[in-house]
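S.K.: Just passing along the structure, written as structure tokens.
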Amino acid sequence: MLAVAVQQAINGVVFGSLYVLVALGLTLIYGVLVQINFAHADIVTIGAFAAYFFTYTLGGNYVASIGVALLIGAALGWLINASIFAPLRERGSELLPLIATIGVSVLLQNAMLLWFGPIPYSFDSPYSNQVIRLPGGTFITLQNLIIIAVSTVTIALLYGFMRFTFMGKALRAVAQDRETAGLMGINPNALIMLTFVIASALAGMGGAMLGPILVLTPFAGTSVIVKAFAIVIIGGFGNVAGTIIAGLLVGLIESYTTQFINPGLTDIVVFTLLLAVLALRPTGLIAEKREENV
Amino acid sequence: MRKTSLCIAVAAIFGLSVATSCAYAQDKLIKIGGLFPMSGPGSYFGVQDKQGIELALAEMNKTGVNGYKFEIQYEDSACGPLPATQAGKRLLDQYKPQIVLGEECSDATLAIMPLMDEAKVPFLNAGSSSIKVTDPGNPWTFRIMPNEVMQGVDIATNAYKRLNARSAVLLYENTNAGIGNAKVFGDTFKSLGGQVLADIGFGRDVNDFTAIATRIAGLGKVDVIPTYTLEGQGLRITQALAQAGVTKGGGGGAIQLGTIWLPFGFEQKAGKAALGYVRIVQFDPTDKRELVQNFIRSFKAKYNQEPTHLNAHAYDQILLIADVVRRGGKDPQSIRDTLAATKDFHGVTGSVEFDKHNQNIRMDTIHYMETLPDLSWQALAWN
């Protein structure tokens, strides 16, 4: 039983790491703009398809495809913000960009449906079947090891960037008070753009690593994004550290619910936790003042 | 000069439209509604159903049947009760079909059935397995595929008697069809003396099946794992079970079992993990009947690919409608009555004879296949 418990912990950490990557993008955008980005799920899907086509059509290496998906996600984030969200924000409405994210989501889903078709793609990483046997009868695939390693490095780099670099500090200043940051010589629009680029890059990268796990269709990201929203709320909207903890927690809860209760009840358990957090600690697991969120 | 060209163009368009109207006027028309999932996780059903239907329609419309030609309008019922209800209402209100085909997913089919019953339009189903579709069913709904009881009893009996399986884990999506199929298998298997070690249902939004595979690996020796899911989740389950060393594809001893849910090509997508998978398919491409071989040739010629069982049962739906029209069906009531009287229709998936609940009682639509190491199929002569 101990081996099974350890194995489920490994499974939970792997999927939790992916949740964290996706949820971090959402929390970054919320932290800076106080805006929910509904199109985030579709950038995850595009990241998965980018990795798929890089690997299968162009014959590229799977690990390199994670980098390609990151770049495509970043480029898409820049393009969508520059062409749609930024012009709408300039009109001074908070609601318009929010509604636009729903429109962009529908547009991207239907464009993918047109290009890629509705039939599920079989995206197998060459590392999925390389099983590393661990002591005590447990195992981890090389693919899952890559997921944990890439996620850990990415999260550490992001955390370091936000805490210790000038740009990161400027980003936090914009999150704290956009107007005052502007008076201090910081260009808020440039930093909002940077936020979209980083968030979308994380989504694209998450998609590349989710691709071999997800049922890869144009709607693939939607199934993950609901959990990502829950993670962002449980961790504390806009709080990076809270999102990391909540992501791993949700991954572990799903694994142990599957093992000891019933896999059909994983959503009930996760969303009960969400409701409990909202009722008992509305600011999330790690409560910070709004102006210090990012 | 420009004015003359314009006059010729207008005359040509006018003439063409008059000619087209004349052509439609000569042939009477059977309007068919198609309710299939075109979006979402079940959309592979819709794409393949449409291929089979279009091929059959092209063949039937070459000469027509009893002076009738056939026309279809599709609506996206998305494999779910709510979109299916909306699509069904739209189809009935705007297109006014004489017969409706669909859906694949049982939950969607069950939602459409009352609409067709109320509108008194026959509803022909080829892909939903839930027993509720025909038991109690309603007078306007017909099903040509074997239901969950017919499939479940048969596969559980074969698992026990032919595979000597004594322990099973039930894996299924939490839908009417998933729950129903798993229950029939479990009840039959236990009544024969087998043991169900775990009963595991999951939602369609589950992505990661490693946790489920880990749980099954922790159960000890499992002989068979009947699995009821759509293709996407089915792929991930098969791969996760192999990675955890549970199934033959991963060096374990368990055999995955399936019914009419997965399309052809599943094995190629799942890879070596699918080794030893035994499942029921609705169409046997090795069937030597001329009708079957002609269908395969025509399908390859039109689409440059091998037909799947979904293509085949959709093709059969049109063939059956044509047969009904040949026997005198021309409006919803006469089509329903003639359908109900069907006794010996032969399609590419097998034959059709409806019982009093409008369920096809012929078992020759059940074909067993096993996945070989080169990922090809071996037909199992179990029926």
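Here, A, B, ... name the chains of the structure tokens in the order displayed, residue numbers run from 1 inside each chain, and ligands are numbered from 1 in the same displayed order.
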Report the closest atom pair, with its distance in Å rounded to one decimal, for each residue of chain B that has an atom no farther than 8 Å from chain A; count only C-alpha atoms, sort by chain and then rising residue number, and write it as a Markdown table.
M.R.:
```
| residue | atom | partner | partner_atom | distance |
| --- | --- | --- | --- | --- |
| B:Met38 | CA | A:Pro118 | CA | 7.4 |
| B:Ser39 | CA | A:Pro118 | CA | 6.5 |
| B:Gly40 | CA | A:Phe219 | CA | 6.6 |
| B:Pro41 | CA | A:Thr217 | CA | 7.3 |
| B:Ser43 | CA | A:Pro118 | CA | 5.5 |
| B:Tyr44 | CA | A:Ile119 | CA | 4.7 |
| B:Val47 | CA | A:Pro118 | CA | 7.8 |
| B:Asn174 | CA | A:Gly264 | CA | 7.4 |
| B:Ile200 | CA | A:Asn262 | CA | 6.9 |
| B:Gly201 | CA | A:Gly264 | CA | 5.5 |
| B:Phe202 | CA | A:Gly264 | CA | 4.1 |
| B:Gly203 | CA | A:Gly264 | CA | 5.8 |
| B:Asp205 | CA | A:Ser223 | CA | 5.5 |
| B:Val206 | CA | A:Ser223 | CA | 7.7 |
| B:Asn207 | CA | A:Leu214 | CA | 5.3 |
| B:Asp208 | CA | A:Ile213 | CA | 6.2 |
| B:Thr210 | CA | A:Asn11 | CA | 6.6 |
| B:Ala211 | CA | A:Ser255 | CA | 5.4 |
| B:Ile212 | CA | A:Thr258 | CA | 6.2 |
| B:Thr214 | CA | A:Val4 | CA | 6.9 |
| B:Arg215 | CA | A:Gln259 | CA | 5.5 |
| B:Gly218 | CA | A:Val4 | CA | 6.4 |
| B:Glu231 | CA | A:Pro120 | CA | 7.5 |
| B:Gly232 | CA | A:Val215 | CA | 4.9 |
| B:Gln233 | CA | A:Val215 | CA | 6.3 |
| B:Leu235 | CA | A:Ser122 | CA | 7.8 |
| B:Arg236 | CA | A:Ile213 | CA | 7.0 |
| B:Gln243 | CA | A:Asn129 | CA | 6.4 |
| B:Lys269 | CA | A:Ser122 | CA | 5.4 |
| B:Ala270 | CA | A:Ser122 | CA | 7.3 |
```
S.K.: Could you write those residues out with N, CA and C atoms, as a PDB file, in the first residue's frame?
M.R.:
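Just written: part31.pdb:
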```
ATOM      1  N   MET B  38     -20.621  17.054 -34.247  1.00  0.00           N
ATOM      2  CA  MET B  38     -19.646  17.633 -35.180  1.00  0.00           C
ATOM      3  C   MET B  38     -18.589  18.434 -34.418  1.00  0.00           C
ATOM      4  N   SER B  39     -18.818  18.652 -33.127  1.00  0.00           N
ATOM      5  CA  SER B  39     -17.838  19.378 -32.318  1.00  0.00           C
ATOM      6  C   SER B  39     -17.673  18.650 -30.992  1.00  0.00           C
ATOM      7  N   GLY B  40     -16.607  18.991 -30.281  1.00  0.00           N
ATOM      8  CA  GLY B  40     -16.370  18.381 -28.980  1.00  0.00           C
ATOM      9  C   GLY B  40     -15.708  17.016 -29.082  1.00  0.00           C
ATOM     10  N   PRO B  41     -15.570  16.334 -27.932  1.00  0.00           N
ATOM     11  CA  PRO B  41     -14.797  15.091 -27.909  1.00  0.00           C
ATOM     12  C   PRO B  41     -15.393  13.949 -28.728  1.00  0.00           C
ATOM     13  N   SER B  43     -16.707  14.362 -31.749  1.00  0.00           N
ATOM     14  CA  SER B  43     -16.891  14.837 -33.128  1.00  0.00           C
ATOM     15  C   SER B  43     -16.335  13.864 -34.165  1.00  0.00           C
ATOM     16  N   TYR B  44     -15.439  12.945 -33.733  1.00  0.00           N
ATOM     17  CA  TYR B  44     -14.951  11.964 -34.696  1.00  0.00           C
ATOM     18  C   TYR B  44     -16.096  11.073 -35.188  1.00  0.00           C
ATOM     19  N   VAL B  47     -17.889  13.119 -38.072  1.00  0.00           N
ATOM     20  CA  VAL B  47     -17.090  13.183 -39.304  1.00  0.00           C
ATOM     21  C   VAL B  47     -17.211  11.864 -40.069  1.00  0.00           C
ATOM     22  N   ASN B 174     -18.745   8.113 -16.949  1.00  0.00           N
ATOM     23  CA  ASN B 174     -19.991   8.250 -16.188  1.00  0.00           C
ATOM     24  C   ASN B 174     -21.111   8.821 -17.051  1.00  0.00           C
ATOM     25  N   ILE B 200     -14.769   1.291 -11.657  1.00  0.00           N
ATOM     26  CA  ILE B 200     -14.194   2.636 -11.703  1.00  0.00           C
ATOM     27  C   ILE B 200     -14.847   3.473 -12.808  1.00  0.00           C
ATOM     28  N   GLY B 201     -15.642   4.441 -12.392  1.00  0.00           N
ATOM     29  CA  GLY B 201     -16.247   5.381 -13.334  1.00  0.00           C
ATOM     30  C   GLY B 201     -15.501   6.706 -13.282  1.00  0.00           C
ATOM     31  N   PHE B 202     -15.534   7.464 -14.370  1.00  0.00           N
ATOM     32  CA  PHE B 202     -14.820   8.758 -14.408  1.00  0.00           C
ATOM     33  C   PHE B 202     -15.545   9.688 -15.369  1.00  0.00           C
ATOM     34  N   GLY B 203     -15.306  10.984 -15.198  1.00  0.00           N
ATOM     35  CA  GLY B 203     -15.943  11.987 -16.057  1.00  0.00           C
ATOM     36  C   GLY B 203     -15.218  12.129 -17.386  1.00  0.00           C
ATOM     37  N   ASP B 205     -14.071  14.737 -18.505  1.00  0.00           N
ATOM     38  CA  ASP B 205     -13.046  15.777 -18.431  1.00  0.00           C
ATOM     39  C   ASP B 205     -11.736  15.254 -17.834  1.00  0.00           C
ATOM     40  N   VAL B 206     -11.686  13.985 -17.493  1.00  0.00           N
ATOM     41  CA  VAL B 206     -10.448  13.436 -16.921  1.00  0.00           C
ATOM     42  C   VAL B 206      -9.396  13.325 -18.023  1.00  0.00           C
ATOM     43  N   ASN B 207      -8.204  13.841 -17.741  1.00  0.00           N
ATOM     44  CA  ASN B 207      -7.132  13.804 -18.730  1.00  0.00           C
ATOM     45  C   ASN B 207      -6.069  12.776 -18.400  1.00  0.00           C
ATOM     46  N   ASP B 208      -5.753  12.709 -17.116  1.00  0.00           N
ATOM     47  CA  ASP B 208      -4.611  11.895 -16.723  1.00  0.00           C
ATOM     48  C   ASP B 208      -5.098  10.581 -16.113  1.00  0.00           C
ATOM     49  N   THR B 210      -2.999   8.047 -15.291  1.00  0.00           N
ATOM     50  CA  THR B 210      -1.941   7.327 -14.587  1.00  0.00           C
ATOM     51  C   THR B 210      -2.390   6.946 -13.174  1.00  0.00           C
ATOM     52  N   ALA B 211      -3.185   7.830 -12.557  1.00  0.00           N
ATOM     53  CA  ALA B 211      -3.645   7.534 -11.195  1.00  0.00           C
ATOM     54  C   ALA B 211      -4.574   6.311 -11.207  1.00  0.00           C
ATOM     55  N   ILE B 212      -5.448   6.239 -12.208  1.00  0.00           N
ATOM     56  CA  ILE B 212      -6.359   5.091 -12.312  1.00  0.00           C
ATOM     57  C   ILE B 212      -5.561   3.815 -12.601  1.00  0.00           C
ATOM     58  N   THR B 214      -2.501   3.230 -11.812  1.00  0.00           N
ATOM     59  CA  THR B 214      -1.774   2.878 -10.582  1.00  0.00           C
ATOM     60  C   THR B 214      -2.687   2.111  -9.632  1.00  0.00           C
ATOM     61  N   ARG B 215      -3.917   2.580  -9.526  1.00  0.00           N
ATOM     62  CA  ARG B 215      -4.872   1.908  -8.639  1.00  0.00           C
ATOM     63  C   ARG B 215      -5.115   0.474  -9.109  1.00  0.00           C
ATOM     64  N   GLY B 218      -2.314  -1.852  -8.373  1.00  0.00           N
ATOM     65  CA  GLY B 218      -2.244  -2.224  -6.958  1.00  0.00           C
ATOM     66  C   GLY B 218      -3.243  -3.299  -6.560  1.00  0.00           C
ATOM     67  N   GLU B 231     -12.993   7.653 -27.984  1.00  0.00           N
ATOM     68  CA  GLU B 231     -11.661   7.329 -28.494  1.00  0.00           C
ATOM     69  C   GLU B 231     -10.522   8.039 -27.753  1.00  0.00           C
ATOM     70  N   GLY B 232     -10.678   9.328 -27.525  1.00  0.00           N
ATOM     71  CA  GLY B 232      -9.584  10.099 -26.934  1.00  0.00           C
ATOM     72  C   GLY B 232      -9.179   9.569 -25.568  1.00  0.00           C
ATOM     73  N   GLN B 233     -10.151   9.433 -24.671  1.00  0.00           N
ATOM     74  CA  GLN B 233      -9.837   8.916 -23.342  1.00  0.00           C
ATOM     75  C   GLN B 233      -9.411   7.452 -23.430  1.00  0.00           C
ATOM     76  N   LEU B 235      -7.641   6.040 -25.702  1.00  0.00           N
ATOM     77  CA  LEU B 235      -6.213   6.000 -26.042  1.00  0.00           C
ATOM     78  C   LEU B 235      -5.361   6.175 -24.801  1.00  0.00           C
ATOM     79  N   ARG B 236      -5.722   7.180 -24.007  1.00  0.00           N
ATOM     80  CA  ARG B 236      -4.914   7.504 -22.827  1.00  0.00           C
ATOM     81  C   ARG B 236      -4.995   6.387 -21.779  1.00  0.00           C
ATOM     82  N   GLN B 243       1.785   1.460 -19.456  1.00  0.00           N
ATOM     83  CA  GLN B 243       2.913   2.049 -18.711  1.00  0.00           C
ATOM     84  C   GLN B 243       2.993   1.484 -17.294  1.00  0.00           C
ATOM     85  N   LYS B 269      -3.060   4.393 -33.316  1.00  0.00           N
ATOM     86  CA  LYS B 269      -2.833   5.563 -32.466  1.00  0.00           C
ATOM     87  C   LYS B 269      -2.295   5.149 -31.097  1.00  0.00           C
ATOM     88  N   ALA B 270      -2.819   4.066 -30.560  1.00  0.00           N
ATOM     89  CA  ALA B 270      -2.397   3.634 -29.216  1.00  0.00           C
ATOM     90  C   ALA B 270      -1.026   2.967 -29.241  1.00  0.00           C
TER      91      ALA B 270
END
```
S.K.: Neighbouring residues of Val133 in chain B were defined as those with any atom within 8 Å, considering only C-alpha atoms; residues of the same chain fewer than 3 positions away were excluded. Please report them as JSON, numbers by chain.
M.R.: {"B": [106, 109, 110, 113, 128, 129, 130, 136, 137, 141, 143]}
S.K.: What does the distance between CA of Val224 in chain B and CA of Ile179 in chain B come to in Å, to one decimal place?
M.R.: 17.3 Å
S.K.: So which bits of range 38-276 of chain A end up helix (DSSP H, G or I) when you DSSP the backbone, as a ChimeraX atom specification?
M.R.: /A:40-56,62-90,95-116,135-137,142-164,166-176,178-183,188-210,220-235,240-260,263-276
S.K.: Applying 8 Å and only C-alpha atoms, which residues near range 239-244 of chain A remain after dropping the ones on its own chain fewer than 2 positions away? List them as an NGL selection string.
M.R.: :A and (20 or 23-24 or 27-28 or 31 or 159 or 231-232 or 234-237 or 246-248 or 284-286 or 288 or 293-294)
S.K.: Neighbours of range 64-81 of chain A within 9 Å (only C-alpha atoms; same-chain residues fewer than 3 positions away dropped), as a VMD selection string?
M.R.: chain A and resid 43 to 44 46 to 55 60 to 61 84 to 87 104 192 to 209
S.K.: If you run DSSP over the backbone, which residues in range 76-173 of chain A end up strand (DSSP E or B)? Put them as a list in words.
M.R.: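 DSSP-assigned strand (DSSP E or B) residues in range 76-173 of chain A: Tyr121, Val131, Ile132, Arg133, Phe139, Ile140 and Thr141 of chain A.
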S.K.: Put those residues in a file: N, CA and C atoms, as a PDB file, in the first residue's frame.
M.R.:
```
ATOM      1  N   TYR A 121      -5.944  13.650 -32.000  1.00  0.00           N
ATOM      2  CA  TYR A 121      -4.599  13.323 -32.467  1.00  0.00           C
ATOM      3  C   TYR A 121      -3.922  12.436 -31.424  1.00  0.00           C
ATOM      4  N   VAL A 131      10.240   3.742 -19.113  1.00  0.00           N
ATOM      5  CA  VAL A 131       9.862   3.676 -17.699  1.00  0.00           C
ATOM      6  C   VAL A 131      11.107   3.481 -16.827  1.00  0.00           C
ATOM      7  N   ILE A 132      11.260   4.349 -15.845  1.00  0.00           N
ATOM      8  CA  ILE A 132      12.374   4.211 -14.896  1.00  0.00           C
ATOM      9  C   ILE A 132      11.811   3.576 -13.627  1.00  0.00           C
ATOM     10  N   ARG A 133      12.288   2.373 -13.307  1.00  0.00           N
ATOM     11  CA  ARG A 133      11.805   1.677 -12.111  1.00  0.00           C
ATOM     12  C   ARG A 133      12.506   2.247 -10.877  1.00  0.00           C
ATOM     13  N   PHE A 139       7.458   3.651 -10.096  1.00  0.00           N
ATOM     14  CA  PHE A 139       8.108   3.981 -11.362  1.00  0.00           C
ATOM     15  C   PHE A 139       7.772   5.411 -11.779  1.00  0.00           C
ATOM     16  N   ILE A 140       8.588   5.921 -12.682  1.00  0.00           N
ATOM     17  CA  ILE A 140       8.273   7.212 -13.301  1.00  0.00           C
ATOM     18  C   ILE A 140       8.725   7.124 -14.753  1.00  0.00           C
ATOM     19  N   THR A 141       7.918   7.664 -15.652  1.00  0.00           N
ATOM     20  CA  THR A 141       8.353   7.644 -17.057  1.00  0.00           C
ATOM     21  C   THR A 141       9.313   8.813 -17.283  1.00  0.00           C
TER      22      THR A 141
END
```
S.K.: Figure out the distance between CA of Val348 in chain B and CA of Trp140 in chain B, please, to one decimal in Å.
M.R.: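 If I compute the distance from CA of Trp140 in chain B to CA of Val348 in chain B, I get 23.7 Å.
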S.K.: Between CA of Leu98 in chain A and CA of Asp42 in chain A, what is the distance in Å, rounded to a tenth?
M.R.: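 Interatomic distance, CA of Leu98 in chain A to CA of Asp42 in chain A: 15.3 Å.
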S.K.: Would you list the contacts of Gly178 in chain B as an MDAnalysis selection string, taking every protein, DNA or RNA residue within 9 Å and counting only C-alpha atoms, but skipping same-chain residues closer than 2 positions in sequence?
M.R.: chainID B and resid 129:130 171:176 180:183 201 227:229
